[in-house]
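For reference, start_2.json (JSON, C-alpha atoms):
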[["chain", "number", "residue", "atom", "x", "y", "z"],
["A", 829, "MET", "CA", 161.48, 215.38, 188.39],
["A", 830, "ALA", "CA", 157.86, 214.21, 188.65],
["A", 831, "THR", "CA", 156.74, 217.32, 186.71],
["A", 832, "SER", "CA", 159.10, 216.49, 183.81],
["A", 833, "ILE", "CA", 157.92, 212.89, 183.63],
["A", 834, "ALA", "CA", 154.28, 214.02, 183.54],
["A", 835, "ARG", "CA", 155.05, 216.51, 180.74],
["A", 836, "PHE", "CA", 156.72, 213.88, 178.57],
["A", 837, "THR", "CA", 153.87, 211.46, 179.24],
["A", 838, "ARG", "CA", 151.25, 214.00, 178.11],
["A", 839, "ARG", "CA", 153.25, 214.71, 174.92],
["A", 840, "GLY", "CA", 153.46, 210.99, 174.09],
["A", 841, "VAL", "CA", 149.75, 210.45, 174.64],
["A", 842, "ALA", "CA", 148.91, 213.49, 172.51],
["A", 843, "SER", "CA", 151.14, 212.35, 169.65],
["A", 844, "ASN", "CA", 149.59, 208.88, 169.72],
["A", 845, "LEU", "CA", 146.11, 210.37, 169.55],
["A", 846, "ILE", "CA", 147.11, 212.53, 166.56],
["A", 847, "ARG", "CA", 148.58, 209.55, 164.67],
["A", 848, "ARG", "CA", 145.47, 207.48, 165.32],
["A", 849, "TYR", "CA", 143.23, 210.32, 164.13],
["A", 850, "PHE", "CA", 145.06, 210.78, 160.81],
["A", 851, "SER", "CA", 145.24, 207.01, 160.27],
["A", 852, "ALA", "CA", 141.49, 206.70, 160.71],
["A", 853, "GLU", "CA", 140.89, 209.64, 158.33],
["A", 854, "ALA", "CA", 143.14, 208.05, 155.68],
["A", 855, "ALA", "CA", 141.36, 204.69, 155.98],
["A", 856, "VAL", "CA", 137.96, 206.33, 155.56],
["A", 857, "ALA", "CA", 139.14, 208.32, 152.55],
["A", 858, "PHE", "CA", 140.59, 205.17, 150.92],
["A", 859, "LYS", "CA", 137.35, 203.27, 151.39],
["A", 860, "THR", "CA", 135.15, 206.07, 150.09],
["A", 861, "GLU", "CA", 137.33, 206.79, 147.04],
["A", 862, "ALA", "CA", 135.45, 206.10, 143.81],
["A", 863, "PRO", "CA", 136.79, 203.06, 141.87],
["A", 864, "LYS", "CA", 138.51, 203.80, 138.60],
["A", 865, "PRO", "CA", 136.53, 202.76, 135.53],
["A", 866, "LYS", "CA", 137.93, 199.74, 133.67],
["A", 867, "LEU", "CA", 139.05, 200.33, 130.12],
["A", 868, "THR", "CA", 137.25, 197.98, 127.77],
["A", 869, "VAL", "CA", 137.96, 197.66, 124.07],
["A", 870, "SER", "CA", 135.09, 196.24, 122.05],
["A", 871, "PRO", "CA", 136.03, 195.04, 118.55],
["A", 872, "SER", "CA", 134.00, 196.15, 115.60],
["A", 873, "PRO", "CA", 131.18, 193.69, 114.85],
["A", 874, "ASP", "CA", 132.01, 193.57, 111.13],
["A", 875, "ARG", "CA", 135.71, 192.89, 111.64],
["A", 876, "VAL", "CA", 136.95, 189.59, 110.24],
["A", 877, "LYS", "CA", 138.96, 187.75, 112.84],
["A", 878, "TRP", "CA", 142.37, 186.69, 111.57],
["A", 879, "ASP", "CA", 144.94, 184.54, 113.33],
["A", 880, "TYR", "CA", 148.40, 185.67, 112.23],
["A", 881, "ARG", "CA", 150.20, 183.52, 114.78],
["A", 882, "GLY", "CA", 150.06, 180.32, 112.74],
["A", 883, "GLN", "CA", 153.11, 179.09, 110.90],
["A", 884, "ARG", "CA", 153.49, 179.53, 107.17],
["A", 885, "GLN", "CA", 152.84, 176.46, 105.09],
["A", 886, "ILE", "CA", 154.55, 177.59, 101.87],
["A", 887, "ILE", "CA", 157.91, 179.32, 102.32],
["A", 888, "PRO", "CA", 159.59, 180.67, 99.15],
["A", 889, "LEU", "CA", 163.35, 181.00, 99.29],
["A", 890, "GLY", "CA", 164.84, 183.39, 96.75],
["A", 891, "GLN", "CA", 163.69, 182.30, 93.30],
["A", 892, "TRP", "CA", 162.45, 178.93, 94.55],
["A", 893, "LEU", "CA", 158.79, 178.44, 95.37],
["A", 894, "PRO", "CA", 157.31, 175.10, 96.51],
["A", 895, "LYS", "CA", 154.99, 173.56, 93.92],
["A", 896, "VAL", "CA", 151.94, 171.59, 95.04],
["A", 897, "ALA", "CA", 149.59, 169.78, 92.66],
["A", 898, "VAL", "CA", 145.93, 170.68, 92.72],
["A", 899, "ASP", "CA", 144.77, 167.30, 94.04],
["A", 900, "ALA", "CA", 147.65, 166.80, 96.51],
["A", 901, "TYR", "CA", 146.81, 166.99, 100.19],
["A", 902, "VAL", "CA", 149.13, 169.03, 102.39],
["A", 903, "ALA", "CA", 148.09, 169.31, 106.04],
["A", 904, "PRO", "CA", 147.71, 172.84, 107.49],
["A", 905, "ASN", "CA", 150.72, 172.57, 109.84],
["A", 906, "VAL", "CA", 153.14, 171.21, 107.23],
["A", 907, "VAL", "CA", 156.14, 173.31, 106.20],
["A", 908, "LEU", "CA", 157.29, 173.29, 102.56],
["A", 909, "ALA", "CA", 160.34, 175.46, 101.92],
["A", 910, "GLY", "CA", 162.33, 176.15, 98.77],
["A", 911, "GLN", "CA", 162.78, 173.61, 95.98],
["A", 912, "VAL", "CA", 159.93, 171.25, 96.87],
["A", 913, "THR", "CA", 157.61, 169.60, 94.36],
["A", 914, "VAL", "CA", 154.54, 167.64, 95.49],
["A", 915, "TRP", "CA", 153.01, 165.73, 92.60],
["A", 916, "ASP", "CA", 149.44, 164.61, 91.89],
["A", 917, "GLY", "CA", 147.68, 162.36, 94.36],
["A", 918, "SER", "CA", 150.41, 162.60, 96.97],
["A", 919, "SER", "CA", 149.90, 163.64, 100.58],
["A", 920, "VAL", "CA", 152.00, 165.25, 103.30],
["A", 921, "TRP", "CA", 150.60, 164.71, 106.77],
["A", 922, "ASN", "CA", 150.54, 166.74, 109.96],
["A", 923, "GLY", "CA", 153.77, 168.20, 111.28],
["A", 924, "ALA", "CA", 156.01, 167.09, 108.42],
["A", 925, "VAL", "CA", 158.79, 169.38, 107.20],
["A", 926, "LEU", "CA", 160.14, 169.30, 103.64],
["A", 927, "ARG", "CA", 163.07, 171.68, 103.55],
["A", 928, "GLY", "CA", 164.46, 172.21, 100.06],
["A", 929, "ASP", "CA", 166.75, 175.12, 100.87],
["A", 930, "LEU", "CA", 169.96, 173.46, 99.64],
["A", 931, "ASN", "CA", 168.72, 171.06, 96.96],
["A", 932, "LYS", "CA", 165.59, 169.63, 95.34],
["A", 933, "ILE", "CA", 162.96, 167.51, 97.07],
["A", 934, "THR", "CA", 160.43, 165.64, 94.94],
["A", 935, "LEU", "CA", 157.41, 163.69, 96.20],
["A", 936, "GLY", "CA", 156.08, 161.52, 93.38],
["A", 937, "PHE", "CA", 152.62, 160.50, 92.27],
["A", 938, "CYS", "CA", 150.39, 158.86, 94.92],
["A", 939, "SER", "CA", 153.16, 158.83, 97.53],
["A", 940, "ASN", "CA", 152.78, 159.96, 101.12],
["A", 941, "VAL", "CA", 154.98, 161.42, 103.85],
["A", 942, "GLN", "CA", 153.34, 160.79, 107.19],
["A", 943, "GLU", "CA", 153.31, 162.65, 110.50],
["A", 944, "ARG", "CA", 156.40, 164.44, 111.85],
["A", 945, "CYS", "CA", 158.72, 163.37, 109.05],
["A", 946, "VAL", "CA", 161.70, 165.54, 108.13],
["A", 947, "VAL", "CA", 162.90, 165.54, 104.53],
["A", 948, "HIS", "CA", 166.04, 167.49, 103.67],
["A", 949, "ALA", "CA", 168.69, 167.62, 100.94],
["A", 950, "ALA", "CA", 172.38, 168.52, 101.19],
["A", 951, "TRP", "CA", 174.50, 170.58, 98.81],
["A", 952, "LEU", "CA", 176.62, 167.60, 97.79],
["A", 953, "SER", "CA", 176.63, 163.89, 98.51],
["A", 954, "PRO", "CA", 179.90, 162.41, 99.87],
["A", 955, "THR", "CA", 179.27, 159.26, 97.81],
["A", 956, "GLY", "CA", 179.09, 161.11, 94.50],
["A", 957, "LEU", "CA", 175.44, 160.14, 94.04],
["A", 958, "PRO", "CA", 172.74, 162.76, 93.43],
["A", 959, "ALA", "CA", 172.32, 165.03, 96.46],
["A", 960, "GLU", "CA", 168.67, 165.79, 95.85],
["A", 961, "THR", "CA", 165.95, 163.83, 97.64],
["A", 962, "LEU", "CA", 163.67, 161.84, 95.36],
["A", 963, "ILE", "CA", 160.61, 159.96, 96.60],
["A", 964, "ASP", "CA", 159.13, 158.25, 93.55],
["A", 965, "ARG", "CA", 155.54, 157.08, 92.95],
["A", 966, "TYR", "CA", 153.55, 154.79, 95.27],
["A", 967, "VAL", "CA", 155.96, 155.24, 98.18],
["A", 968, "THR", "CA", 154.86, 155.23, 101.82],
["A", 969, "VAL", "CA", 157.14, 156.98, 104.31],
["A", 970, "GLY", "CA", 156.22, 156.13, 107.90],
["A", 971, "ALA", "CA", 155.81, 158.68, 110.66],
["A", 972, "TYR", "CA", 158.83, 160.29, 112.39],
["A", 973, "SER", "CA", 161.24, 159.28, 109.62],
["A", 974, "LEU", "CA", 164.26, 161.32, 108.54],
["A", 975, "LEU", "CA", 165.28, 161.42, 104.87],
["A", 976, "ARG", "CA", 168.34, 163.31, 103.69],
["A", 977, "SER", "CA", 169.65, 163.34, 100.11],
["A", 978, "CYS", "CA", 168.36, 159.83, 99.39],
["A", 979, "THR", "CA", 166.57, 158.17, 96.49],
["A", 980, "ILE", "CA", 163.51, 155.96, 96.93],
["A", 981, "GLU", "CA", 162.38, 154.21, 93.77],
["A", 982, "PRO", "CA", 158.71, 153.36, 92.99],
["A", 983, "GLU", "CA", 156.59, 151.11, 95.22],
["A", 984, "CYS", "CA", 158.53, 151.08, 98.48],
["A", 985, "ILE", "CA", 157.61, 151.22, 102.16],
["A", 986, "ILE", "CA", 159.80, 153.06, 104.67],
["A", 987, "GLY", "CA", 158.90, 152.05, 108.22],
["A", 988, "GLN", "CA", 158.30, 154.48, 111.06],
["A", 989, "HIS", "CA", 161.27, 156.16, 112.77],
["A", 990, "SER", "CA", 163.61, 155.20, 109.92],
["A", 991, "ILE", "CA", 166.67, 157.24, 108.95],
["A", 992, "LEU", "CA", 168.05, 157.36, 105.40],
["A", 993, "MET", "CA", 171.38, 159.15, 105.13],
["A", 994, "GLU", "CA", 173.11, 160.90, 102.22],
["A", 995, "GLY", "CA", 173.41, 158.92, 99.00],
["A", 996, "SER", "CA", 171.35, 155.95, 100.18],
["A", 997, "LEU", "CA", 169.23, 154.17, 97.59],
["A", 998, "VAL", "CA", 166.11, 152.07, 98.10],
["A", 999, "GLU", "CA", 165.32, 150.20, 94.92],
["A", 1000, "THR", "CA", 161.83, 149.46, 93.68],
["A", 1001, "ARG", "CA", 159.45, 147.12, 95.54],
["A", 1002, "SER", "CA", 161.48, 147.04, 98.74],
["A", 1003, "ILE", "CA", 160.46, 147.39, 102.38],
["A", 1004, "LEU", "CA", 162.46, 148.94, 105.20],
["A", 1005, "GLU", "CA", 161.44, 147.91, 108.70],
["A", 1006, "ALA", "CA", 160.55, 150.44, 111.40],
["A", 1007, "GLY", "CA", 163.49, 152.02, 113.20],
["A", 1008, "SER", "CA", 165.99, 151.17, 110.48],
["A", 1009, "VAL", "CA", 169.07, 153.28, 109.77],
["A", 1010, "VAL", "CA", 170.48, 153.24, 106.24],
["A", 1011, "PRO", "CA", 174.10, 154.53, 106.24],
["A", 1012, "PRO", "CA", 175.41, 156.89, 103.53],
["A", 1013, "GLY", "CA", 175.79, 155.23, 100.15],
["A", 1014, "ARG", "CA", 173.99, 152.00, 101.15],
["A", 1015, "ARG", "CA", 171.82, 150.33, 98.49],
["A", 1016, "ILE", "CA", 168.69, 148.34, 99.33],
["A", 1017, "PRO", "CA", 168.21, 145.89, 96.42],
["A", 1018, "SER", "CA", 164.88, 145.41, 94.74],
["A", 1019, "GLY", "CA", 162.34, 143.00, 96.21],
["A", 1020, "GLU", "CA", 164.02, 142.63, 99.63],
["A", 1021, "LEU", "CA", 163.17, 143.32, 103.26],
["A", 1022, "TRP", "CA", 165.85, 145.15, 105.27],
["A", 1023, "GLY", "CA", 165.96, 146.37, 108.85],
["A", 1024, "GLY", "CA", 168.10, 147.21, 111.84],
["A", 1025, "ASN", "CA", 170.80, 149.74, 112.74],
["A", 1026, "PRO", "CA", 172.65, 149.69, 110.43],
["A", 1027, "ALA", "CA", 170.15, 148.19, 107.99],
["A", 1028, "ARG", "CA", 170.84, 144.57, 107.02],
["A", 1029, "PHE", "CA", 169.22, 142.07, 104.68],
["A", 1030, "ILE", "CA", 166.46, 140.02, 106.34],
["A", 1031, "ARG", "CA", 164.70, 138.09, 103.58],
["A", 1032, "THR", "CA", 163.29, 138.27, 100.07],
["A", 1033, "LEU", "CA", 159.73, 139.56, 99.70],
["A", 1034, "THR", "CA", 157.04, 137.30, 98.34],
["A", 1035, "ASN", "CA", 155.03, 138.19, 95.27],
["A", 1036, "GLU", "CA", 151.95, 138.87, 97.40],
["A", 1037, "GLU", "CA", 153.89, 141.32, 99.60],
["A", 1038, "THR", "CA", 155.19, 143.29, 96.63],
["A", 1039, "LEU", "CA", 151.65, 143.56, 95.24],
["A", 1040, "GLU", "CA", 150.42, 145.03, 98.55],
["A", 1041, "ILE", "CA", 152.92, 147.93, 98.49],
["A", 1042, "PRO", "CA", 151.11, 150.11, 95.89],
["A", 1043, "LYS", "CA", 147.74, 149.17, 97.42],
["A", 1044, "LEU", "CA", 148.83, 150.73, 100.72],
["A", 1045, "ALA", "CA", 149.79, 153.97, 98.96],
["A", 1046, "VAL", "CA", 146.44, 154.07, 97.14],
["A", 1047, "ALA", "CA", 144.55, 153.46, 100.39],
["A", 1048, "ILE", "CA", 146.33, 156.38, 102.06],
["A", 1049, "ASN", "CA", 145.58, 158.51, 99.01],
["A", 1050, "HIS", "CA", 141.85, 157.74, 99.38],
["A", 1051, "LEU", "CA", 142.04, 158.55, 103.09],
["A", 1052, "SER", "CA", 143.65, 161.91, 102.35],
["A", 1053, "GLY", "CA", 140.64, 162.73, 100.17],
["A", 1054, "ASP", "CA", 138.46, 162.82, 103.29],
["A", 1055, "TYR", "CA", 140.82, 165.35, 104.88],
["A", 1056, "PHE", "CA", 141.19, 167.32, 101.66],
["A", 1057, "SER", "CA", 137.44, 167.93, 101.47],
["A", 1058, "GLU", "CA", 137.53, 169.71, 104.85],
["A", 1059, "PHE", "CA", 139.75, 172.55, 103.57],
["A", 1060, "LEU", "CA", 139.01, 175.19, 100.98],
["A", 1061, "PRO", "CA", 141.36, 175.19, 97.98],
["A", 1062, "TYR", "CA", 141.44, 178.99, 98.17],
["A", 1063, "SER", "CA", 142.07, 181.54, 100.92],
["A", 1064, "THR", "CA", 139.57, 183.88, 102.58],
["A", 1065, "VAL", "CA", 141.24, 187.10, 101.48],
["A", 1066, "TYR", "CA", 138.22, 187.78, 99.29],
["A", 1067, "LEU", "CA", 136.28, 188.71, 102.44],
["A", 1068, "GLU", "CA", 138.62, 191.62, 103.14],
["A", 1069, "VAL", "CA", 138.49, 192.66, 99.48],
["A", 1070, "GLU", "CA", 134.70, 192.71, 99.46],
["A", 1071, "LYS", "CA", 134.59, 194.72, 102.68],
["A", 1072, "PHE", "CA", 137.09, 197.23, 101.28],
["A", 1073, "LYS", "CA", 135.03, 197.64, 98.10],
["A", 1074, "LYS", "CA", 131.88, 198.22, 100.11],
["A", 1075, "SER", "CA", 133.65, 200.93, 102.15],
["A", 1076, "LEU", "CA", 134.48, 202.70, 98.86],
["A", 1077, "GLY", "CA", 130.91, 202.39, 97.61],
["A", 1078, "ILE", "CA", 131.82, 199.89, 94.89],
["A", 1079, "ASP", "CA", 129.22, 197.27, 94.07],
["A", 1080, "VAL", "CA", 130.43, 193.75, 94.82]]
Rendering of file as structure tokens:
Amino acid sequence: MATSIARFTRRGVASNLIRRYFSAEAAVAFKTEAPKPKLTVSPSPDRVKWDYRGQRQIIPLGQWLPKVAVDAYVAPNVVLAGQVTVWDGSSVWNGAVLRGDLNKITLGFCSNVQERCVVHAAWLSPTGLPAETLIDRYVTVGAYSLLRSCTIEPECIIGQHSILMEGSLVETRSILEAGSVVPPGRRIPSGELWGGNPARFIRTLTNEETLEIPKLAVAINHLSGDYFSEFLPYSTVYLEVEKFKKSLGIDV
């Protein structure tokens, strides 16, 4: 009995020694193994860096292509899609979306659509009025406003966060307070101040207030000129063209 126990004890000790030996050999081999070289990709020094991740500013839809006047300022992250016309001296500010996929959208002379506004147009208006969206001259549309199939006549101010629904009409020299909601088919008479949800008459504008409306639009137009001067009126595709000509041995 004692002989058997001694035999099994020697076998267990021997097996433990063997396992420790191979474990130590494996650890040494792992530490002494040469590190794998890192793969590095170095771009060509003459390669023009392009950023294709940015959104498209001009989006043609079928036969419709947005039209922007030469002296109109459209911020780089604005989206103009479909039947959109931006006239002379007007400006569309950062983050605004003018989506003319169903009907026409027109931004008149020296008017401005400020940050994060959404302008859309429906197929048809339930009120029977024109379904296109018309923003006439010297109109200021405050930031975060929503305009859909509405008509804004010349020299008006639309306050921030306002909503104008289908068929609504804002007549000339009127002011809509911030946060106002104009229901479908509602008419804002000329020379009046409206506000609220739904929009209601507040008071009649004074002559001095009506004279300040186009001055505000002109001031924003002058401010957009400072931004406009920071962007080239043409793209940088000519750099790739010149490089391609040089690769073919053509004098540039």
Neighbours of point (166.2, 153.4, 109.0) within 7 Å, using only C-alpha atoms, written as a PyMOL selection string: chain A and resi 989-992+1004+1006-1010+1025+1027
A:Arg927, A:Arg965, A:His1050, A:Lys1071 ranked by distance to Pro982 in chain A, top pick (using only C-alpha atoms):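 Among the listed residues, A:Arg965 lies closest to Pro982 in chain A.
Between CA of Glu1005 in chain A and CA of Ile986 in chain A there is a distance of 6.7 Å.
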Report, in Å to a single decimal, how far apart CA of Leu908 in chain A and CA of Asn922 in chain A are.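 One can read the CA of Asn922 in chain A to CA of Leu908 in chain A distance as 12.0 Å.
Closest approach to Ala949 in chain A among A:Cys978, A:Ala924, A:Leu1076, A:Ile963 is made by A:Cys978 (distances from all atoms listed in the file).
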As a list in words, please: the residues near Asp916 in chain A (cut-off 12 Å, all atoms listed in the file, same-chain neighbours under 5 positions excluded). Lys895, Val896, Ala897, Val898, Asp899, Ala900, Tyr901, Val902, Thr934, Leu935, Gly936, Phe937, Cys938, Ser939, Asn940, Asp964, Arg965, Tyr966 and Asn1049 of chain A
From the set A:Pro904, A:Arg1015, A:Leu974, A:Ile1003, which residue has the shortest atom-to-atom contact distance to Ile1030 in chain A, counting all atoms listed in the file?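 For Ile1030 in chain A, the nearest of the candidates is A:Ile1003.
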Calculate how many Å separate CA of Gly910 in chain A from CA of Ser1002 in chain A, rounding to one decimal.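 Distance reported for this atom pair: 29.1 Å.
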